[in-house]
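Dumped protein-v2.cif below, it's mmCIF, C-alpha atoms:
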```cif
data_structure
#
loop_
_atom_site.label_atom_id
_atom_site.label_comp_id
_atom_site.auth_asym_id
_atom_site.auth_seq_id
_atom_site.Cartn_x
_atom_site.Cartn_y
_atom_site.Cartn_z
CA MET A 1 85.39 53.95 -61.58
CA LYS A 2 86.71 50.69 -60.23
CA ILE A 3 85.86 49.19 -56.86
CA THR A 4 86.42 45.80 -55.27
CA VAL A 5 83.30 43.89 -54.25
CA ALA A 6 83.73 40.73 -52.18
CA GLY A 7 87.26 40.39 -53.49
CA ASP A 8 86.37 40.97 -57.16
CA ARG A 9 87.53 44.13 -58.90
CA LYS A 10 84.79 45.62 -61.06
CA GLU A 11 83.86 48.70 -63.05
CA VAL A 12 80.82 50.57 -61.74
CA THR A 13 79.19 53.89 -62.56
CA ASP A 14 80.44 57.02 -60.82
CA GLY A 15 78.26 58.12 -57.91
CA LEU A 16 76.98 54.61 -57.15
CA THR A 17 75.59 54.30 -53.63
CA VAL A 18 75.80 51.30 -51.33
CA ALA A 19 72.04 50.78 -51.71
CA GLU A 20 72.38 50.73 -55.51
CA LEU A 21 75.31 48.33 -55.31
CA ILE A 22 73.26 45.97 -53.12
CA LYS A 23 70.57 45.87 -55.84
CA GLN A 24 73.10 45.59 -58.65
CA GLU A 25 74.83 42.65 -56.96
CA ASN A 26 71.50 40.91 -56.23
CA VAL A 27 72.42 40.57 -52.57
CA GLU A 28 70.07 38.06 -50.96
CA THR A 29 68.07 39.18 -47.89
CA PRO A 30 69.88 42.53 -47.54
CA GLU A 31 68.21 43.05 -44.16
CA TYR A 32 70.57 40.38 -42.81
CA VAL A 33 73.67 41.89 -44.40
CA THR A 34 76.25 44.17 -42.83
CA VAL A 35 78.23 46.24 -45.33
CA SER A 36 81.79 47.36 -44.86
CA VAL A 37 83.61 49.84 -47.06
CA ASN A 38 87.38 49.97 -46.61
CA GLU A 39 86.93 47.97 -43.38
CA GLU A 40 84.51 50.53 -41.93
CA PHE A 41 80.98 49.35 -41.16
CA ILE A 42 78.22 51.36 -42.83
CA GLU A 43 75.02 52.00 -40.88
CA SER A 44 72.12 50.33 -42.71
CA GLY A 45 70.17 53.62 -42.56
CA SER A 46 72.95 55.28 -44.59
CA PHE A 47 73.07 52.83 -47.50
CA ALA A 48 71.13 55.16 -49.81
CA GLU A 49 73.32 58.16 -49.00
CA HIS A 50 76.72 56.49 -48.91
CA VAL A 51 78.36 57.22 -52.26
CA LEU A 52 81.17 54.88 -53.24
CA LYS A 53 84.51 56.18 -54.46
CA ASP A 54 87.07 54.86 -56.90
CA GLY A 55 89.22 52.19 -55.23
CA ASP A 56 86.74 51.37 -52.46
CA GLU A 57 86.75 47.84 -51.10
CA VAL A 58 83.27 46.57 -50.24
CA GLU A 59 82.33 43.43 -48.35
CA PHE A 60 78.83 42.06 -47.75
CA LEU A 61 78.73 40.18 -44.46
CA TYR A 62 75.76 37.90 -43.92
CA PHE A 63 74.60 37.63 -40.35
CA MET A 64 76.14 34.41 -39.09
CA GLY A 65 74.10 32.91 -36.33
CA GLY A 66 71.65 30.23 -35.34
CA GLY A 67 70.24 28.30 -32.47
CA MET A 68 69.10 24.90 -31.34
CA ARG A 69 65.34 25.58 -31.55
CA MET B 70 77.79 18.92 -53.98
CA LEU B 71 80.75 17.09 -52.46
CA VAL B 72 82.46 19.04 -49.67
CA THR B 73 85.85 17.91 -48.45
CA ILE B 74 87.63 18.76 -45.22
CA ASN B 75 90.93 17.39 -44.04
CA LYS B 76 91.16 15.39 -40.83
CA LYS B 77 93.32 18.02 -39.14
CA ASP B 78 90.67 20.71 -39.67
CA PHE B 79 87.88 18.34 -38.63
CA ASP B 80 89.80 17.57 -35.42
CA SER B 81 90.41 21.24 -34.67
CA ILE B 82 86.67 22.00 -35.00
CA VAL B 83 85.83 19.13 -32.64
CA GLU B 84 88.50 20.19 -30.15
CA HIS B 85 87.33 23.83 -30.18
CA ALA B 86 83.68 22.78 -29.80
CA LYS B 87 84.47 20.48 -26.86
CA LYS B 88 86.58 23.16 -25.20
CA ASN B 89 83.61 25.56 -25.39
CA LEU B 90 81.04 23.18 -23.90
CA PRO B 91 78.39 23.68 -22.65
CA GLU B 92 78.17 26.65 -25.07
CA GLU B 93 77.71 26.34 -28.80
CA ALA B 94 80.94 26.96 -30.71
CA CYS B 95 81.30 28.43 -34.18
CA GLY B 96 83.57 29.64 -36.92
CA LEU B 97 83.99 30.16 -40.62
CA ILE B 98 85.26 27.91 -43.40
CA ALA B 99 87.35 28.89 -46.40
CA GLY B 100 88.74 27.18 -49.44
CA GLU B 101 87.99 26.82 -53.10
CA ASP B 102 85.38 25.48 -55.49
CA LEU B 103 87.19 23.07 -57.82
CA PRO B 104 86.39 22.71 -61.53
CA ASP B 105 84.93 19.23 -60.93
CA GLY B 106 82.29 20.73 -58.64
CA THR B 107 83.92 19.70 -55.38
CA ARG B 108 84.04 22.29 -52.63
CA ALA B 109 87.40 21.93 -50.86
CA ILE B 110 87.73 23.40 -47.38
CA ARG B 111 91.36 24.48 -46.99
CA LYS B 112 91.15 26.42 -43.76
CA VAL B 113 88.79 26.55 -40.79
CA TYR B 114 88.50 29.49 -38.45
CA LEU B 115 87.65 28.99 -34.78
CA LEU B 116 85.80 32.11 -33.66
CA GLU B 117 84.03 33.41 -30.59
CA ASN B 118 80.34 32.68 -30.08
CA VAL B 119 79.40 36.16 -28.88
CA ASP B 120 76.08 34.81 -27.52
CA HIS B 121 77.95 32.53 -25.07
CA THR B 122 75.03 30.16 -24.60
CA ASN B 123 74.27 26.50 -25.30
CA GLU B 124 71.23 27.51 -27.38
CA HIS B 125 72.48 30.14 -29.83
CA PHE B 126 75.50 31.29 -31.69
CA SER B 127 76.45 34.53 -33.42
CA ILE B 128 79.69 35.65 -35.00
CA SER B 129 80.42 39.36 -34.64
CA PRO B 130 80.71 41.34 -37.89
CA LYS B 131 84.10 42.56 -36.65
CA ASP B 132 85.44 38.98 -36.34
CA GLN B 133 83.81 38.08 -39.63
CA LEU B 134 85.44 40.99 -41.46
CA ALA B 135 88.88 40.25 -39.98
CA THR B 136 88.49 36.59 -41.00
CA ILE B 137 87.40 37.45 -44.54
CA LYS B 138 90.44 39.68 -44.87
CA ASP B 139 92.65 36.75 -43.82
CA ILE B 140 90.80 34.41 -46.20
CA ARG B 141 91.41 36.74 -49.16
CA SER B 142 95.06 37.27 -48.20
CA ASN B 143 95.49 33.48 -48.34
CA GLY B 144 94.04 33.38 -51.85
CA LEU B 145 90.96 31.51 -50.66
CA LYS B 146 87.25 32.30 -50.71
CA PRO B 147 84.73 32.29 -47.88
CA LEU B 148 82.66 29.09 -48.15
CA GLY B 149 80.30 29.35 -45.18
CA ASN B 150 80.31 28.67 -41.48
CA TRP B 151 80.27 25.88 -38.92
CA HIS B 152 78.72 25.63 -35.49
CA SER B 153 78.16 23.00 -32.86
CA HIS B 154 75.01 21.54 -31.36
CA PRO B 155 76.10 20.43 -27.89
CA GLU B 156 72.87 18.59 -27.13
CA SER B 157 71.04 18.10 -30.41
CA PRO B 158 71.55 16.27 -33.72
CA SER B 159 73.63 17.47 -36.65
CA ARG B 160 70.84 19.10 -38.64
CA PRO B 161 69.65 22.70 -39.01
CA SER B 162 67.17 23.89 -36.40
CA GLU B 163 64.33 26.21 -37.40
CA GLU B 164 66.44 29.15 -36.23
CA ASP B 165 69.45 27.88 -38.17
CA LYS B 166 67.29 27.79 -41.30
CA ARG B 167 65.78 31.21 -40.69
CA LEU B 168 69.22 32.76 -40.30
CA ALA B 169 70.86 30.94 -43.21
CA ASN B 170 70.56 33.58 -45.91
CA ASP B 171 73.49 32.95 -48.19
CA SER B 172 72.58 30.35 -50.81
CA ASN B 173 76.24 30.15 -51.85
CA ALA B 174 77.32 29.03 -48.40
CA SER B 175 77.86 25.60 -46.93
CA TYR B 176 76.60 25.33 -43.37
CA LEU B 177 78.44 22.74 -41.29
CA ILE B 178 76.86 21.47 -38.07
CA LEU B 179 78.78 19.42 -35.53
CA SER B 180 76.72 17.38 -33.06
CA LEU B 181 78.30 16.56 -29.72
CA MET B 182 75.28 14.64 -28.40
CA ASP B 183 77.70 11.73 -28.07
CA SER B 184 80.94 13.60 -27.49
CA ASP B 185 82.97 10.43 -28.15
CA LYS B 186 81.39 10.18 -31.58
CA PRO B 187 81.06 13.72 -32.96
CA VAL B 188 78.95 13.96 -36.12
CA LEU B 189 79.65 16.65 -38.72
CA ASN B 190 77.28 17.29 -41.63
CA ALA B 191 77.16 19.97 -44.32
CA PHE B 192 74.00 21.64 -45.57
CA HIS B 193 72.93 23.98 -48.36
CA VAL B 194 70.02 26.30 -47.55
CA GLU B 195 68.11 28.41 -50.03
CA SER B 196 64.84 30.31 -50.09
CA ALA B 197 62.01 29.45 -52.47
CA ASP B 198 58.52 30.95 -52.25
CA GLY B 199 59.17 32.10 -48.71
CA GLU B 200 60.24 28.63 -47.60
CA LYS B 201 63.73 27.52 -46.68
CA ILE B 202 64.82 24.48 -48.64
CA VAL B 203 67.56 22.46 -46.95
CA ARG B 204 69.71 19.97 -48.80
CA LYS B 205 72.34 17.81 -47.18
CA GLU B 206 75.70 17.99 -48.93
CA GLU B 207 78.02 15.04 -49.14
CA LEU B 208 80.90 15.62 -46.72
CA GLU B 209 84.13 13.69 -46.90
CA VAL B 210 86.86 13.87 -44.27
CA LEU B 211 90.22 13.38 -45.96
CA ASP B 212 93.18 11.80 -44.13
#
```

In structure tokens, write the structure found in this file.
Amino acid sequence: MKITVAGDRKEVTDGLTVAELIKQENVETPEYVTVSVNEEFIESGSFAEHVLKDGDEVEFLYFMGGGMR
Amino acid sequence: MLVTINKKDFDSIVEHAKKNLPEEACGLIAGEDLPDGTRAIRKVYLLENVDHTNEHFSISPKDQLATIKDIRSNGLKPLGNWHSHPESPSRPSEEDKRLANDSNASYLILSLMDSDKPVLNAFHVESADGEKIVRKEELEVLD
């Protein structure tokens, strides 16, 4: 099946989960990443169960923050 | 890496940051990586600091997602973020380093310690052996 990951269309295996995609894409520090699929945010506890479907659009959003200290 | 930003975008960051004083201000940057290795910022996004303090900033995932959608619809790519330091120099704090987890991103920091002479610098942050390595990027403001 084909999905779009961070704007790039790619072929992935059927039944791929969000957790597997995170590994496959070598996402850095996944604990600081929010995942959206078709503009819906996925709970981090559901990454292993959330199965992707053909045509899904996935974004990895790094936590954007900081401080003066 | 050379990072370029046009004067208009530089001015809009400074204006937004001054308007939000005493709080830190923040946003995202978008553009393209050119074949010669230059990173060209084509658009800056002025977003809400949901922390609303002078010591921290955070961008909500909702704002981030909406911005990334706009970036892609403009044929650009997300390049990183920017934030202001109202009372400290233009360099990453320990917290900035800890929370900089995208080694593909450029992190721009605007110091308003002297608000008449704002200083903007760009940084690359990556992890190696559990340490955060910070490298200053060359930043050029284009007229």

Margin query: Only residues of chain B matter here; which ones have an atom within 7 Å of chain A, counting all atoms listed in the file? Give them as JSON, numbers by chain.
Written below: {"B": [124, 125, 126, 127, 128, 130, 154, 162, 163, 164, 165, 168, 170, 171]}

Next item on the list: With a distance cut-off of 7 Å and all atoms listed in the file, select the neighbouring residues of B:Glu209, excluding the residue or stretch itself and same-chain residues fewer than 5 positions from it, and output the selection as a ChimeraX atom specification.
Entry: /B:72-74

Checklist line | Pick from B:Lys205, B:Leu134, B:Pro147, B:Met182, whichever lies nearest to A:Glu57 using only C-alpha atoms | finding: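 Nearest candidate to A:Glu57 out of B:Lys205, B:Leu134, B:Pro147, B:Met182: B:Leu134.
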
Notebook entry, point to check: Evaluating the PyMOL selection byres ((chain A and resi 11-15) around 12) on the displayed file yields which residues, as a ChimeraX atom specification?
Noted result: /A:1-5,8-10,16-21,24-25,48-56

Can I get the selected residues back with C-alpha atoms, as a PDB file, keeping the file's coordinate frame?
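To be explicit, this is the file written out as result15.pdb:
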```
ATOM      1  CA  MET A   1      85.390  53.950 -61.580  1.00  0.00           C
ATOM      2  CA  LYS A   2      86.710  50.690 -60.230  1.00  0.00           C
ATOM      3  CA  ILE A   3      85.860  49.190 -56.860  1.00  0.00           C
ATOM      4  CA  THR A   4      86.420  45.800 -55.270  1.00  0.00           C
ATOM      5  CA  VAL A   5      83.300  43.890 -54.250  1.00  0.00           C
ATOM      6  CA  ASP A   8      86.370  40.970 -57.160  1.00  0.00           C
ATOM      7  CA  ARG A   9      87.530  44.130 -58.900  1.00  0.00           C
ATOM      8  CA  LYS A  10      84.790  45.620 -61.060  1.00  0.00           C
ATOM      9  CA  LEU A  16      76.980  54.610 -57.150  1.00  0.00           C
ATOM     10  CA  THR A  17      75.590  54.300 -53.630  1.00  0.00           C
ATOM     11  CA  VAL A  18      75.800  51.300 -51.330  1.00  0.00           C
ATOM     12  CA  ALA A  19      72.040  50.780 -51.710  1.00  0.00           C
ATOM     13  CA  GLU A  20      72.380  50.730 -55.510  1.00  0.00           C
ATOM     14  CA  LEU A  21      75.310  48.330 -55.310  1.00  0.00           C
ATOM     15  CA  GLN A  24      73.100  45.590 -58.650  1.00  0.00           C
ATOM     16  CA  GLU A  25      74.830  42.650 -56.960  1.00  0.00           C
ATOM     17  CA  ALA A  48      71.130  55.160 -49.810  1.00  0.00           C
ATOM     18  CA  GLU A  49      73.320  58.160 -49.000  1.00  0.00           C
ATOM     19  CA  HIS A  50      76.720  56.490 -48.910  1.00  0.00           C
ATOM     20  CA  VAL A  51      78.360  57.220 -52.260  1.00  0.00           C
ATOM     21  CA  LEU A  52      81.170  54.880 -53.240  1.00  0.00           C
ATOM     22  CA  LYS A  53      84.510  56.180 -54.460  1.00  0.00           C
ATOM     23  CA  ASP A  54      87.070  54.860 -56.900  1.00  0.00           C
ATOM     24  CA  GLY A  55      89.220  52.190 -55.230  1.00  0.00           C
ATOM     25  CA  ASP A  56      86.740  51.370 -52.460  1.00  0.00           C
TER      26      ASP A  56
END
```

Notebook entry, point to check: Hey, can you check how far atom CA of B:Glu206 sits from atom CA of B:Arg167?
Noted result: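 Result for atom CA of B:Glu206 versus atom CA of B:Arg167: 18.5 Å, one decimal.
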
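Straight-line separation from atom CA of B:Phe192 to atom CA of B:Pro158: 13.2 Å.
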
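Closest approach to B:Val210 among B:Val83, B:Asn89, B:Asn75, B:Thr122: B:Asn75, based on only C-alpha atoms.
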
Margin query: Evaluated on this file, the PyMOL selection byres ((chain B and resi 101-104) around 10) picks out some residues - which ones are they, written as a list of chain:residue names?
Written below: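 The output of the PyMOL selection byres ((chain B and resi 101-104) around 10) on this file is B:Val72, B:Ala99, B:Gly100, B:Asp105, B:Gly106, B:Thr107, B:Arg108, B:Ala109, B:Ile110, B:Arg111, B:Lys112, B:Gly144, B:Leu145, B:Lys146, B:Pro147, B:Leu148.
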
Filtering to C-alpha atoms, could you give me those residues as a PDB file, keeping the file's coordinate frame?
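File produced: out39.pdb:
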```pdb
ATOM      1  CA  VAL B  72      82.460  19.040 -49.670  1.00  0.00           C
ATOM      2  CA  ALA B  99      87.350  28.890 -46.400  1.00  0.00           C
ATOM      3  CA  GLY B 100      88.740  27.180 -49.440  1.00  0.00           C
ATOM      4  CA  ASP B 105      84.930  19.230 -60.930  1.00  0.00           C
ATOM      5  CA  GLY B 106      82.290  20.730 -58.640  1.00  0.00           C
ATOM      6  CA  THR B 107      83.920  19.700 -55.380  1.00  0.00           C
ATOM      7  CA  ARG B 108      84.040  22.290 -52.630  1.00  0.00           C
ATOM      8  CA  ALA B 109      87.400  21.930 -50.860  1.00  0.00           C
ATOM      9  CA  ILE B 110      87.730  23.400 -47.380  1.00  0.00           C
ATOM     10  CA  ARG B 111      91.360  24.480 -46.990  1.00  0.00           C
ATOM     11  CA  LYS B 112      91.150  26.420 -43.760  1.00  0.00           C
ATOM     12  CA  GLY B 144      94.040  33.380 -51.850  1.00  0.00           C
ATOM     13  CA  LEU B 145      90.960  31.510 -50.660  1.00  0.00           C
ATOM     14  CA  LYS B 146      87.250  32.300 -50.710  1.00  0.00           C
ATOM     15  CA  PRO B 147      84.730  32.290 -47.880  1.00  0.00           C
ATOM     16  CA  LEU B 148      82.660  29.090 -48.150  1.00  0.00           C
TER      17      LEU B 148
END
```

Next item on the list: Quote the spacing between atom CA of B:Glu93 and atom CA of B:Ala174 in Å to one decimal place.
Entry: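 For atom CA of B:Glu93 relative to atom CA of B:Ala174, the distance reads 19.8 Å.
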
The PyMOL selection byres ((chain B and resi 155) around 8) - which residues does that actually catch in the file I just gave you? List them as an mmCIF file with C-alpha atoms, keeping the file's coordinate frame.
```cif
data_model
loop_
_atom_site.group_PDB
_atom_site.id
_atom_site.type_symbol
_atom_site.label_atom_id
_atom_site.label_comp_id
_atom_site.auth_asym_id
_atom_site.auth_seq_id
_atom_site.Cartn_x
_atom_site.Cartn_y
_atom_site.Cartn_z
ATOM 1 C CA LEU B 90 81.040 23.180 -23.900
ATOM 2 C CA PRO B 91 78.390 23.680 -22.650
ATOM 3 C CA GLU B 92 78.170 26.650 -25.070
ATOM 4 C CA GLU B 93 77.710 26.340 -28.800
ATOM 5 C CA ASN B 123 74.270 26.500 -25.300
ATOM 6 C CA SER B 153 78.160 23.000 -32.860
ATOM 7 C CA HIS B 154 75.010 21.540 -31.360
ATOM 8 C CA GLU B 156 72.870 18.590 -27.130
ATOM 9 C CA SER B 157 71.040 18.100 -30.410
ATOM 10 C CA SER B 180 76.720 17.380 -33.060
ATOM 11 C CA LEU B 181 78.300 16.560 -29.720
ATOM 12 C CA MET B 182 75.280 14.640 -28.400
#
```

Atoms added to stretch 44-69 of chain A (N, CA and C atoms), reported as a JSON list (two decimals), keeping the file's coordinate frame:
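Result saved to out_36.json:
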```json
[["chain", "number", "residue", "atom", "x", "y", "z"],
["A", 44, "SER", "N", 73.09, 50.72, -41.67],
["A", 44, "SER", "CA", 72.12, 50.33, -42.71],
["A", 44, "SER", "C", 71.23, 51.51, -43.14],
["A", 45, "GLY", "N", 70.99, 52.45, -42.22],
["A", 45, "GLY", "CA", 70.17, 53.62, -42.56],
["A", 45, "GLY", "C", 70.88, 54.57, -43.51],
["A", 46, "SER", "N", 72.18, 54.37, -43.72],
["A", 46, "SER", "CA", 72.95, 55.28, -44.59],
["A", 46, "SER", "C", 73.25, 54.69, -45.96],
["A", 47, "PHE", "N", 72.73, 53.48, -46.23],
["A", 47, "PHE", "CA", 73.07, 52.83, -47.50],
["A", 47, "PHE", "C", 72.73, 53.70, -48.71],
["A", 48, "ALA", "N", 71.58, 54.38, -48.65],
["A", 48, "ALA", "CA", 71.13, 55.16, -49.81],
["A", 48, "ALA", "C", 71.95, 56.43, -50.00],
["A", 49, "GLU", "N", 72.56, 56.90, -48.91],
["A", 49, "GLU", "CA", 73.32, 58.16, -49.00],
["A", 49, "GLU", "C", 74.82, 57.93, -49.19],
["A", 50, "HIS", "N", 75.27, 56.71, -48.86],
["A", 50, "HIS", "CA", 76.72, 56.49, -48.91],
["A", 50, "HIS", "C", 77.19, 56.28, -50.36],
["A", 51, "VAL", "N", 77.88, 57.28, -50.87],
["A", 51, "VAL", "CA", 78.36, 57.22, -52.26],
["A", 51, "VAL", "C", 79.74, 56.57, -52.27],
["A", 52, "LEU", "N", 79.89, 55.59, -53.15],
["A", 52, "LEU", "CA", 81.17, 54.88, -53.24],
["A", 52, "LEU", "C", 82.17, 55.69, -54.06],
["A", 53, "LYS", "N", 83.45, 55.46, -53.75],
["A", 53, "LYS", "CA", 84.51, 56.18, -54.46],
["A", 53, "LYS", "C", 85.43, 55.18, -55.18],
["A", 54, "ASP", "N", 86.13, 55.70, -56.15],
["A", 54, "ASP", "CA", 87.07, 54.86, -56.90],
["A", 54, "ASP", "C", 88.05, 54.20, -55.92],
["A", 55, "GLY", "N", 88.27, 52.91, -56.07],
["A", 55, "GLY", "CA", 89.22, 52.19, -55.23],
["A", 55, "GLY", "C", 88.63, 51.62, -53.95],
["A", 56, "ASP", "N", 87.35, 51.91, -53.68],
["A", 56, "ASP", "CA", 86.74, 51.37, -52.46],
["A", 56, "ASP", "C", 86.72, 49.85, -52.46],
["A", 57, "GLU", "N", 86.84, 49.30, -51.26],
["A", 57, "GLU", "CA", 86.75, 47.84, -51.10],
["A", 57, "GLU", "C", 85.51, 47.55, -50.27],
["A", 58, "VAL", "N", 84.57, 46.82, -50.89],
["A", 58, "VAL", "CA", 83.27, 46.57, -50.24],
["A", 58, "VAL", "C", 83.14, 45.09, -49.92],
["A", 59, "GLU", "N", 82.65, 44.81, -48.72],
["A", 59, "GLU", "CA", 82.33, 43.43, -48.35],
["A", 59, "GLU", "C", 80.88, 43.38, -47.88],
["A", 60, "PHE", "N", 80.18, 42.32, -48.26],
["A", 60, "PHE", "CA", 78.83, 42.06, -47.75],
["A", 60, "PHE", "C", 78.95, 40.92, -46.75],
["A", 61, "LEU", "N", 78.59, 41.20, -45.51],
["A", 61, "LEU", "CA", 78.73, 40.18, -44.46],
["A", 61, "LEU", "C", 77.35, 39.71, -44.03],
["A", 62, "TYR", "N", 77.04, 38.46, -44.36],
["A", 62, "TYR", "CA", 75.76, 37.90, -43.92],
["A", 62, "TYR", "C", 75.79, 37.66, -42.43],
["A", 63, "PHE", "N", 74.67, 37.93, -41.77],
["A", 63, "PHE", "CA", 74.60, 37.63, -40.35],
["A", 63, "PHE", "C", 74.85, 36.13, -40.18],
["A", 64, "MET", "N", 75.80, 35.80, -39.34],
["A", 64, "MET", "CA", 76.14, 34.41, -39.09],
["A", 64, "MET", "C", 75.68, 34.04, -37.69],
["A", 65, "GLY", "N", 74.60, 33.29, -37.64],
["A", 65, "GLY", "CA", 74.10, 32.91, -36.33],
["A", 65, "GLY", "C", 73.07, 31.80, -36.47],
["A", 66, "GLY", "N", 72.65, 31.29, -35.33],
["A", 66, "GLY", "CA", 71.65, 30.23, -35.34],
["A", 66, "GLY", "C", 71.33, 29.83, -33.92],
["A", 67, "GLY", "N", 70.61, 28.75, -33.80],
["A", 67, "GLY", "CA", 70.24, 28.30, -32.47],
["A", 67, "GLY", "C", 69.72, 26.89, -32.52],
["A", 68, "MET", "N", 69.48, 26.32, -31.35],
["A", 68, "MET", "CA", 69.10, 24.90, -31.34],
["A", 68, "MET", "C", 67.60, 24.69, -31.53],
["A", 69, "ARG", "N", 66.79, 25.78, -31.47],
["A", 69, "ARG", "CA", 65.34, 25.58, -31.55],
["A", 69, "ARG", "C", 64.80, 25.79, -32.96]]
```
